Each structure stands twice: as structure tokens, then as C-alpha cells.
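Novice: input18.txt is the file, holding compact mmCIF, N, CA and C atoms and all ligand atoms:
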# COMPACT_ATOMS: atom_id res chain seq x y z
N MET A 11 6.63 -27.31 13.46
CA MET A 11 6.69 -25.84 13.48
C MET A 11 7.63 -25.33 12.39
N THR A 12 8.80 -26.04 12.30
CA THR A 12 9.79 -25.64 11.29
C THR A 12 9.23 -25.82 9.88
N SER A 13 8.55 -26.94 9.66
CA SER A 13 8.01 -27.18 8.33
C SER A 13 6.90 -26.20 8.00
N PHE A 14 6.17 -25.80 9.04
CA PHE A 14 5.13 -24.78 8.82
C PHE A 14 5.75 -23.47 8.36
N ARG A 15 6.88 -23.11 9.04
CA ARG A 15 7.61 -21.89 8.65
C ARG A 15 8.08 -21.97 7.21
N ARG A 16 8.62 -23.15 6.87
CA ARG A 16 9.14 -23.33 5.52
C ARG A 16 8.00 -23.19 4.50
N LEU A 17 6.86 -23.76 4.87
CA LEU A 17 5.67 -23.69 4.02
C LEU A 17 5.24 -22.25 3.84
N LYS A 18 5.27 -21.50 4.95
CA LYS A 18 4.86 -20.10 4.94
C LYS A 18 5.79 -19.30 4.03
N ARG A 19 7.10 -19.60 4.16
CA ARG A 19 8.08 -18.90 3.34
C ARG A 19 7.88 -19.25 1.86
N ALA A 20 7.59 -20.52 1.59
CA ALA A 20 7.36 -20.95 0.21
C ALA A 20 6.14 -20.23 -0.37
N ALA A 21 5.11 -20.08 0.46
CA ALA A 21 3.90 -19.39 0.01
C ALA A 21 4.21 -17.93 -0.30
N LEU A 22 5.04 -17.33 0.55
CA LEU A 22 5.42 -15.93 0.36
C LEU A 22 6.21 -15.76 -0.93
N VAL A 23 7.17 -16.68 -1.16
CA VAL A 23 8.00 -16.63 -2.36
C VAL A 23 7.13 -16.81 -3.60
N ALA A 24 6.11 -17.65 -3.47
CA ALA A 24 5.22 -17.90 -4.62
C ALA A 24 4.33 -16.71 -4.91
N THR A 25 3.86 -16.00 -3.87
CA THR A 25 2.91 -14.91 -4.09
C THR A 25 3.60 -13.58 -4.39
N LEU A 26 4.87 -13.46 -4.01
CA LEU A 26 5.57 -12.18 -4.21
C LEU A 26 5.60 -11.73 -5.66
N PRO A 27 5.99 -12.61 -6.61
CA PRO A 27 6.01 -12.16 -8.01
C PRO A 27 4.64 -11.72 -8.50
N ILE A 28 3.57 -12.37 -8.01
CA ILE A 28 2.21 -11.99 -8.39
C ILE A 28 1.91 -10.59 -7.86
N ALA A 29 2.26 -10.38 -6.60
CA ALA A 29 2.02 -9.06 -5.98
C ALA A 29 2.79 -7.98 -6.73
N VAL A 30 4.03 -8.28 -7.08
CA VAL A 30 4.85 -7.31 -7.81
C VAL A 30 4.23 -7.04 -9.18
N GLY A 31 3.73 -8.11 -9.82
CA GLY A 31 3.08 -7.97 -11.13
C GLY A 31 1.86 -7.09 -11.06
N ILE A 32 1.03 -7.31 -10.03
CA ILE A 32 -0.18 -6.50 -9.83
C ILE A 32 0.22 -5.06 -9.57
N GLY A 33 1.24 -4.90 -8.76
CA GLY A 33 1.74 -3.55 -8.43
C GLY A 33 2.18 -2.82 -9.67
N PHE A 34 2.91 -3.53 -10.54
CA PHE A 34 3.40 -2.91 -11.77
C PHE A 34 2.23 -2.54 -12.68
N PHE A 35 1.23 -3.44 -12.74
CA PHE A 35 0.05 -3.17 -13.57
C PHE A 35 -0.66 -1.92 -13.07
N ALA A 36 -0.86 -1.85 -11.74
CA ALA A 36 -1.54 -0.70 -11.15
C ALA A 36 -0.75 0.57 -11.44
N PHE A 37 0.58 0.45 -11.35
CA PHE A 37 1.45 1.61 -11.59
C PHE A 37 1.30 2.09 -13.03
N SER A 38 1.36 1.16 -13.99
CA SER A 38 1.31 1.58 -15.38
C SER A 38 -0.08 2.06 -15.76
N PHE A 39 -1.11 1.55 -15.05
CA PHE A 39 -2.48 1.98 -15.34
C PHE A 39 -2.72 3.39 -14.84
N ASN A 40 -2.23 3.70 -13.68
CA ASN A 40 -2.48 5.00 -13.05
C ASN A 40 -1.54 6.11 -13.51
N HIS A 41 -0.36 5.74 -13.96
CA HIS A 41 0.68 6.71 -14.25
C HIS A 41 0.99 7.57 -13.03
N SER A 42 0.83 6.99 -11.84
CA SER A 42 1.18 7.72 -10.62
C SER A 42 1.85 6.74 -9.67
N PRO A 43 2.63 7.27 -8.72
CA PRO A 43 3.34 6.36 -7.81
C PRO A 43 2.40 5.53 -6.96
N PRO A 44 2.83 4.33 -6.53
CA PRO A 44 1.98 3.50 -5.67
C PRO A 44 1.79 4.16 -4.31
N PRO A 45 0.75 3.74 -3.57
CA PRO A 45 0.52 4.34 -2.25
C PRO A 45 1.75 4.19 -1.37
N PRO A 46 2.01 5.18 -0.51
CA PRO A 46 3.23 5.21 0.28
C PRO A 46 3.49 3.98 1.15
N GLU A 47 2.47 3.44 1.78
CA GLU A 47 2.72 2.34 2.69
C GLU A 47 2.24 1.00 2.10
N SER A 48 2.78 0.65 0.93
CA SER A 48 2.39 -0.62 0.31
C SER A 48 2.71 -1.79 1.25
N PRO A 49 1.72 -2.62 1.52
CA PRO A 49 1.95 -3.74 2.44
C PRO A 49 2.76 -4.83 1.76
N SER A 50 3.45 -5.64 2.52
CA SER A 50 4.14 -6.80 1.96
C SER A 50 3.09 -7.82 1.56
N ALA A 51 3.49 -8.82 0.81
CA ALA A 51 2.54 -9.83 0.35
C ALA A 51 1.87 -10.52 1.53
N GLU A 52 2.63 -10.69 2.60
CA GLU A 52 2.11 -11.38 3.77
C GLU A 52 1.04 -10.55 4.48
N GLU A 53 1.31 -9.23 4.60
CA GLU A 53 0.37 -8.35 5.28
C GLU A 53 -0.90 -8.16 4.46
N ALA A 54 -0.77 -8.24 3.14
CA ALA A 54 -1.89 -7.94 2.25
C ALA A 54 -3.11 -8.81 2.55
N ALA A 55 -2.86 -10.03 3.03
CA ALA A 55 -3.95 -10.94 3.34
C ALA A 55 -4.82 -10.42 4.48
N GLU A 56 -4.26 -9.53 5.29
CA GLU A 56 -5.01 -9.04 6.43
C GLU A 56 -5.50 -7.61 6.24
N VAL A 57 -5.62 -7.17 4.99
CA VAL A 57 -6.13 -5.83 4.72
C VAL A 57 -7.42 -5.94 3.93
N GLN A 58 -8.44 -5.21 4.36
CA GLN A 58 -9.69 -5.15 3.61
C GLN A 58 -9.60 -3.95 2.68
N GLU A 59 -9.44 -4.24 1.38
CA GLU A 59 -9.27 -3.15 0.42
C GLU A 59 -10.61 -2.80 -0.22
N LEU A 60 -10.92 -1.51 -0.21
CA LEU A 60 -12.19 -1.05 -0.76
C LEU A 60 -11.96 0.22 -1.57
N ALA A 61 -12.79 0.42 -2.58
CA ALA A 61 -12.70 1.64 -3.38
C ALA A 61 -14.02 2.40 -3.31
N LEU A 62 -13.91 3.71 -3.22
CA LEU A 62 -15.11 4.54 -3.10
C LEU A 62 -15.01 5.71 -4.09
N ILE A 63 -16.04 5.84 -4.92
CA ILE A 63 -16.11 7.00 -5.83
C ILE A 63 -17.01 8.03 -5.17
N HIS A 64 -16.51 9.23 -5.00
CA HIS A 64 -17.30 10.33 -4.41
C HIS A 64 -17.84 11.14 -5.58
N SER A 65 -19.13 10.95 -5.89
CA SER A 65 -19.70 11.59 -7.07
C SER A 65 -20.39 12.90 -6.71
N PHE A 66 -19.79 13.99 -7.17
CA PHE A 66 -20.37 15.32 -6.94
C PHE A 66 -21.61 15.49 -7.82
N SER A 67 -21.54 15.00 -9.07
CA SER A 67 -22.66 15.20 -9.99
C SER A 67 -23.90 14.41 -9.56
N ASP A 68 -23.72 13.24 -8.92
CA ASP A 68 -24.87 12.45 -8.48
C ASP A 68 -25.18 12.65 -7.00
N GLY A 69 -24.33 13.34 -6.28
CA GLY A 69 -24.57 13.62 -4.87
C GLY A 69 -24.57 12.38 -3.99
N ARG A 70 -23.69 11.42 -4.31
CA ARG A 70 -23.63 10.19 -3.52
C ARG A 70 -22.27 9.52 -3.71
N THR A 71 -22.05 8.47 -2.93
CA THR A 71 -20.85 7.68 -3.15
C THR A 71 -21.24 6.39 -3.86
N TYR A 72 -20.28 5.83 -4.60
CA TYR A 72 -20.44 4.50 -5.22
C TYR A 72 -19.38 3.58 -4.67
N PRO A 73 -19.72 2.48 -3.98
CA PRO A 73 -21.09 2.17 -3.58
C PRO A 73 -21.57 3.10 -2.46
N GLU A 74 -22.87 3.01 -2.17
CA GLU A 74 -23.45 3.87 -1.15
C GLU A 74 -23.09 3.36 0.25
N VAL A 75 -22.95 2.03 0.36
CA VAL A 75 -22.66 1.40 1.65
C VAL A 75 -21.44 0.49 1.50
N VAL A 76 -20.49 0.61 2.41
CA VAL A 76 -19.38 -0.35 2.43
C VAL A 76 -19.41 -1.08 3.77
N GLU A 77 -19.15 -2.39 3.71
CA GLU A 77 -19.18 -3.19 4.93
C GLU A 77 -17.80 -3.79 5.17
N VAL A 78 -17.33 -3.66 6.41
CA VAL A 78 -16.02 -4.20 6.77
C VAL A 78 -16.14 -4.97 8.08
N GLU A 79 -15.08 -5.75 8.37
CA GLU A 79 -15.06 -6.54 9.59
C GLU A 79 -14.29 -5.78 10.66
N ARG A 80 -14.83 -5.81 11.85
CA ARG A 80 -14.19 -5.15 12.99
C ARG A 80 -12.82 -5.78 13.27
N GLY A 81 -11.86 -4.92 13.59
CA GLY A 81 -10.55 -5.39 14.03
C GLY A 81 -9.57 -5.72 12.92
N VAL A 82 -10.00 -5.64 11.66
CA VAL A 82 -9.12 -5.92 10.52
C VAL A 82 -8.85 -4.61 9.78
N LYS A 83 -7.59 -4.39 9.48
CA LYS A 83 -7.19 -3.15 8.82
C LYS A 83 -7.97 -2.91 7.52
N VAL A 84 -8.37 -1.66 7.31
CA VAL A 84 -9.08 -1.27 6.09
C VAL A 84 -8.19 -0.31 5.31
N ARG A 85 -8.11 -0.55 4.01
CA ARG A 85 -7.44 0.40 3.12
C ARG A 85 -8.49 0.89 2.14
N LEU A 86 -8.85 2.16 2.27
CA LEU A 86 -9.92 2.75 1.47
C LEU A 86 -9.32 3.65 0.39
N PHE A 87 -9.58 3.28 -0.88
CA PHE A 87 -9.10 4.07 -2.01
C PHE A 87 -10.23 4.99 -2.46
N ASN A 88 -9.97 6.29 -2.46
CA ASN A 88 -11.01 7.28 -2.76
C ASN A 88 -10.67 8.09 -4.00
N ILE A 89 -11.72 8.38 -4.79
CA ILE A 89 -11.52 9.30 -5.91
C ILE A 89 -12.82 10.07 -6.14
N ALA A 90 -12.71 11.28 -6.64
CA ALA A 90 -13.89 12.11 -6.90
C ALA A 90 -14.10 12.24 -8.39
N ASP A 91 -15.37 12.42 -8.81
CA ASP A 91 -15.63 12.61 -10.24
C ASP A 91 -15.54 14.08 -10.65
N ALA A 92 -15.61 14.98 -9.68
CA ALA A 92 -15.49 16.40 -9.99
C ALA A 92 -15.06 17.17 -8.75
N GLN A 93 -14.29 18.16 -8.93
CA GLN A 93 -13.78 19.10 -7.91
C GLN A 93 -13.25 18.45 -6.63
N PRO A 94 -12.32 19.13 -5.97
CA PRO A 94 -11.77 18.59 -4.72
C PRO A 94 -12.77 18.69 -3.57
N HIS A 95 -12.66 17.76 -2.62
CA HIS A 95 -13.54 17.73 -1.45
C HIS A 95 -12.66 17.66 -0.21
N ASP A 96 -12.82 18.62 0.68
CA ASP A 96 -11.96 18.68 1.85
C ASP A 96 -12.62 19.51 2.95
N PRO A 97 -12.84 18.97 4.14
CA PRO A 97 -12.48 17.61 4.55
C PRO A 97 -13.64 16.63 4.41
N VAL A 98 -13.28 15.35 4.15
CA VAL A 98 -14.23 14.25 4.23
C VAL A 98 -13.95 13.55 5.57
N VAL A 99 -15.02 13.24 6.31
CA VAL A 99 -14.86 12.73 7.67
C VAL A 99 -15.59 11.40 7.85
N ILE A 100 -14.91 10.44 8.47
CA ILE A 100 -15.59 9.21 8.90
C ILE A 100 -16.07 9.49 10.32
N SER A 101 -17.40 9.38 10.50
CA SER A 101 -17.99 9.92 11.73
C SER A 101 -19.14 9.05 12.23
N ARG A 102 -19.44 9.23 13.51
CA ARG A 102 -20.60 8.54 14.09
C ARG A 102 -21.91 9.15 13.59
N ASN A 103 -21.83 10.41 13.19
CA ASN A 103 -23.06 11.08 12.73
C ASN A 103 -22.86 11.66 11.33
N GLU A 104 -23.98 11.94 10.67
CA GLU A 104 -23.92 12.47 9.31
C GLU A 104 -23.24 13.83 9.24
N ALA A 105 -23.39 14.61 10.31
CA ALA A 105 -22.81 15.96 10.34
C ALA A 105 -21.28 15.93 10.33
N GLY A 106 -20.72 14.79 10.72
CA GLY A 106 -19.26 14.67 10.70
C GLY A 106 -18.58 15.29 11.91
N THR A 107 -19.34 15.53 12.97
CA THR A 107 -18.78 16.17 14.16
C THR A 107 -18.26 15.17 15.19
N GLU A 108 -18.43 13.87 14.91
CA GLU A 108 -17.93 12.85 15.84
C GLU A 108 -17.03 11.86 15.09
N PRO A 109 -15.84 12.33 14.69
CA PRO A 109 -14.96 11.49 13.88
C PRO A 109 -14.52 10.21 14.59
N VAL A 110 -14.35 9.16 13.78
CA VAL A 110 -13.85 7.88 14.32
C VAL A 110 -12.81 7.29 13.36
N PHE A 111 -11.98 6.42 13.91
CA PHE A 111 -11.05 5.55 13.17
C PHE A 111 -9.90 6.26 12.45
N ALA A 112 -10.18 7.38 11.74
CA ALA A 112 -9.13 7.98 10.89
C ALA A 112 -9.23 9.50 10.93
N ASP A 113 -8.14 10.15 10.55
CA ASP A 113 -8.17 11.60 10.40
C ASP A 113 -9.02 11.95 9.18
N SER A 114 -9.53 13.17 9.15
CA SER A 114 -10.28 13.61 7.98
C SER A 114 -9.33 13.62 6.77
N PHE A 115 -9.91 13.57 5.57
CA PHE A 115 -9.06 13.48 4.39
C PHE A 115 -9.65 14.26 3.22
N ARG A 116 -8.81 14.45 2.20
CA ARG A 116 -9.19 15.19 1.00
C ARG A 116 -9.41 14.19 -0.12
N VAL A 117 -10.44 14.43 -0.93
CA VAL A 117 -10.71 13.59 -2.10
C VAL A 117 -10.73 14.49 -3.31
N GLU A 118 -10.10 14.04 -4.42
CA GLU A 118 -10.06 14.90 -5.60
C GLU A 118 -10.06 14.07 -6.89
N PRO A 119 -10.41 14.73 -8.01
CA PRO A 119 -10.39 14.02 -9.29
C PRO A 119 -8.95 13.76 -9.74
N GLY A 120 -8.73 12.63 -10.40
CA GLY A 120 -7.44 12.35 -11.00
C GLY A 120 -6.35 11.92 -10.05
N ASN A 121 -6.69 11.75 -8.77
CA ASN A 121 -5.68 11.38 -7.79
C ASN A 121 -6.32 10.54 -6.70
N VAL A 122 -5.84 9.32 -6.52
CA VAL A 122 -6.44 8.44 -5.52
C VAL A 122 -5.92 8.79 -4.13
N THR A 123 -6.83 9.00 -3.20
CA THR A 123 -6.47 9.24 -1.81
C THR A 123 -6.63 7.92 -1.05
N VAL A 124 -5.55 7.48 -0.40
CA VAL A 124 -5.57 6.22 0.33
C VAL A 124 -5.73 6.52 1.82
N VAL A 125 -6.75 5.91 2.44
CA VAL A 125 -6.98 6.09 3.87
C VAL A 125 -6.92 4.72 4.54
N ASP A 126 -5.99 4.58 5.49
CA ASP A 126 -5.84 3.34 6.24
C ASP A 126 -6.38 3.52 7.65
N PHE A 127 -7.12 2.54 8.13
CA PHE A 127 -7.57 2.58 9.52
C PHE A 127 -7.99 1.20 9.98
N VAL A 128 -8.07 1.04 11.29
CA VAL A 128 -8.58 -0.21 11.86
C VAL A 128 -9.91 0.12 12.54
N PRO A 129 -11.03 -0.43 12.02
CA PRO A 129 -12.32 -0.18 12.65
C PRO A 129 -12.43 -1.05 13.92
N ASP A 130 -12.21 -0.43 15.06
CA ASP A 130 -12.13 -1.22 16.29
C ASP A 130 -13.46 -1.27 17.04
N GLU A 131 -14.52 -0.83 16.35
CA GLU A 131 -15.84 -0.84 16.99
C GLU A 131 -16.89 -1.19 15.94
N ALA A 132 -17.79 -2.12 16.29
CA ALA A 132 -18.87 -2.47 15.36
C ALA A 132 -19.95 -1.41 15.39
N GLY A 133 -20.66 -1.25 14.28
CA GLY A 133 -21.76 -0.29 14.24
C GLY A 133 -21.90 0.34 12.88
N GLU A 134 -22.75 1.37 12.80
CA GLU A 134 -22.99 2.04 11.54
C GLU A 134 -22.42 3.46 11.61
N PHE A 135 -21.58 3.77 10.63
CA PHE A 135 -20.91 5.07 10.63
C PHE A 135 -21.11 5.74 9.28
N TYR A 136 -20.62 6.96 9.15
CA TYR A 136 -20.83 7.74 7.93
C TYR A 136 -19.52 8.24 7.36
N ILE A 137 -19.43 8.24 6.04
CA ILE A 137 -18.30 8.85 5.36
C ILE A 137 -18.90 10.11 4.72
N THR A 138 -18.68 11.24 5.38
CA THR A 138 -19.53 12.39 5.10
C THR A 138 -18.80 13.64 4.60
N HIS A 139 -19.47 14.31 3.66
CA HIS A 139 -18.98 15.58 3.10
C HIS A 139 -19.64 16.78 3.78
N ARG A 140 -20.53 16.53 4.72
CA ARG A 140 -21.25 17.65 5.37
C ARG A 140 -20.32 18.73 5.94
N PRO A 141 -19.18 18.34 6.51
CA PRO A 141 -18.31 19.37 7.08
C PRO A 141 -17.86 20.44 6.07
N HIS A 142 -17.84 20.12 4.76
CA HIS A 142 -17.51 21.18 3.80
C HIS A 142 -18.73 21.55 2.95
N GLY A 143 -19.92 21.20 3.42
CA GLY A 143 -21.14 21.73 2.83
C GLY A 143 -21.79 20.93 1.72
N HIS A 144 -21.31 19.72 1.44
CA HIS A 144 -21.97 18.89 0.44
C HIS A 144 -22.87 17.86 1.12
N VAL A 145 -23.87 17.38 0.35
CA VAL A 145 -24.81 16.41 0.93
C VAL A 145 -24.36 14.97 0.69
N ILE A 146 -23.18 14.79 0.13
CA ILE A 146 -22.69 13.43 -0.15
C ILE A 146 -22.37 12.73 1.17
N VAL A 147 -23.09 11.62 1.42
CA VAL A 147 -22.87 10.85 2.66
C VAL A 147 -22.92 9.36 2.33
N GLY A 148 -21.79 8.69 2.47
CA GLY A 148 -21.76 7.23 2.32
C GLY A 148 -21.86 6.60 3.69
N ARG A 149 -22.18 5.32 3.71
CA ARG A 149 -22.27 4.65 5.02
C ARG A 149 -21.21 3.55 5.15
N LEU A 150 -20.67 3.44 6.35
CA LEU A 150 -19.67 2.42 6.66
C LEU A 150 -20.25 1.51 7.74
N ILE A 151 -20.46 0.25 7.39
CA ILE A 151 -20.98 -0.71 8.36
C ILE A 151 -19.82 -1.56 8.86
N VAL A 152 -19.63 -1.58 10.16
CA VAL A 152 -18.58 -2.42 10.75
C VAL A 152 -19.27 -3.58 11.48
N VAL A 153 -18.97 -4.80 11.03
CA VAL A 153 -19.61 -5.97 11.62
C VAL A 153 -18.62 -6.77 12.46
N ASP A 154 -19.11 -7.46 13.45
CA ASP A 154 -18.26 -8.33 14.27
C ASP A 154 -17.76 -9.49 13.41
N PRO A 155 -16.54 -9.96 13.69
CA PRO A 155 -16.01 -11.08 12.91
C PRO A 155 -16.93 -12.30 13.04
N SER A 156 -17.08 -13.03 11.95
CA SER A 156 -18.00 -14.18 11.98
C SER A 156 -17.31 -15.39 12.59
CU CU A 201 -17.72 17.11 -1.09
As C-alpha cells, what does this structure read like?
Specialist:
Amino acid sequence: MTSFRRLKRAALVATLPIAVGIGFFAFSFNHSPPPPESPSAEEAAEVQELALIHSFSDGRTYPEVVEVERGVKVRLFNIADAQPHDPVVISRNEAGTEPVFADSFRVEPGNVTVVDFVPDEAGEFYITHRPHGHVIVGRLIVVDPS
């Protein structure tokens, strides 16, 4: 048990500089502060990180469908190609009237919006702009762990 702990600590010490390096790269690339709740190197292994472009000009999200595993934390990075969008809702229905997992959020150009949540139910859900009148609707598939 002790040697396992030591191994775990060694792994953490080894990955920390890499994580810091990536963080610095992201910082210098964006010219904006890192997300408020940056996970430690250890926690990062248990986060499903995804990026979503909300395209107003094409009326869709890129990608159109995102798939995640139930019960594992999701960190969703959002950006828009034009104009602010508020509110965007993760919902059981396209209309966005049955929100799940997270509070509604704002998406805008030039600024990444980070949304953290744990999808605690498998199924098909929507990341929808309908509540503010746009037809942009992405899909979120939550699958049971394999
Ligand atoms: Cu919108």
C-alpha cells in the first residue's frame, strides 16, 4: 500500500510539470486567464474535456453530437462564432424547458465559457439555444460506463 502511494506521488510529480506547461501554453495562446476551477493533475484524469463551437452563421454546433460517460465529470468549453447567446440550456427536450445537469449559461465570441457538470443519468439530451430564439441545437449523449 505504501509503495503504491509512493508510486502515485511519483506519477503526480512527473505529470505536474507537463500540466503546468500545458496550462502556460493555453494561457499564452488565449491571452486570457485560465478557467477558475483548474483541476489538479490528479483530478484531471477523471474529467471528460470537450469543446463546442456554437455557430450562429451555420445554425449548428461543432461537433453536432458529443458523447460522454455517465458518472464522470464533464468540462465543456464553449465559444461562439458570432454574437452572444444567452441562455443556452442542457435539457431533456429541444425546447430547453427541462434542464438537466447544469445551470443555463452564456456563450459569446472571443471568450471561452467553461461549464462543469456530472451527467448522472444515461440518455440523449440537448444543448439548446431555443430558449433565446435560435434554432441551434446540439446533442449530448450520455452512455453507461463500459
Ligand atoms: Cu443562440
Novice: Using only C-alpha atoms, which of the listed residues (A:Ser156, A:Thr71, A:Ser101, A:Ser65) sits closest to Asp113 of chain A?
Specialist: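 For Asp113 of chain A, the nearest of the given residues is A:Ser101.
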Novice: Can you measure atom CA of Val78 of chain A to atom N of Gln93 of chain A for me? One decimal in Å is fine.
Specialist: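 According to the coordinates, atom CA of Val78 of chain A and atom N of Gln93 of chain A are separated by 27.4 Å.
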Novice: Dig up all the protein and nucleic acid residues within 8 Å of (-15.0, 11.4, -9.1) in the file frame, using all atoms listed in the file, and format them as a count of residues only.
Specialist: 16
Novice: Check every protein, DNA and RNA residue against ligand CU 201 (chain A), keep those with an atom at most 7 Å away (counting all atoms listed in the file), and present them as an NGL selection string.
Specialist: :A and (66 or 94-98 or 138-140 or 142-146)
Novice: Would you mind reading off the distance between atom CA of Glu131 of chain A and atom C of Ile151 of chain A, one decimal, in Å?
Specialist: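 Pair atom CA of Glu131 of chain A / atom C of Ile151 of chain A returns 9.1 Å.
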Novice: Just the number, please: distance in Å from atom CA of Val152 of chain A to atom CA of Thr123 of chain A, one decimal.
Specialist: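 Between atom CA of Val152 of chain A and atom CA of Thr123 of chain A the gap is 21.0 Å.
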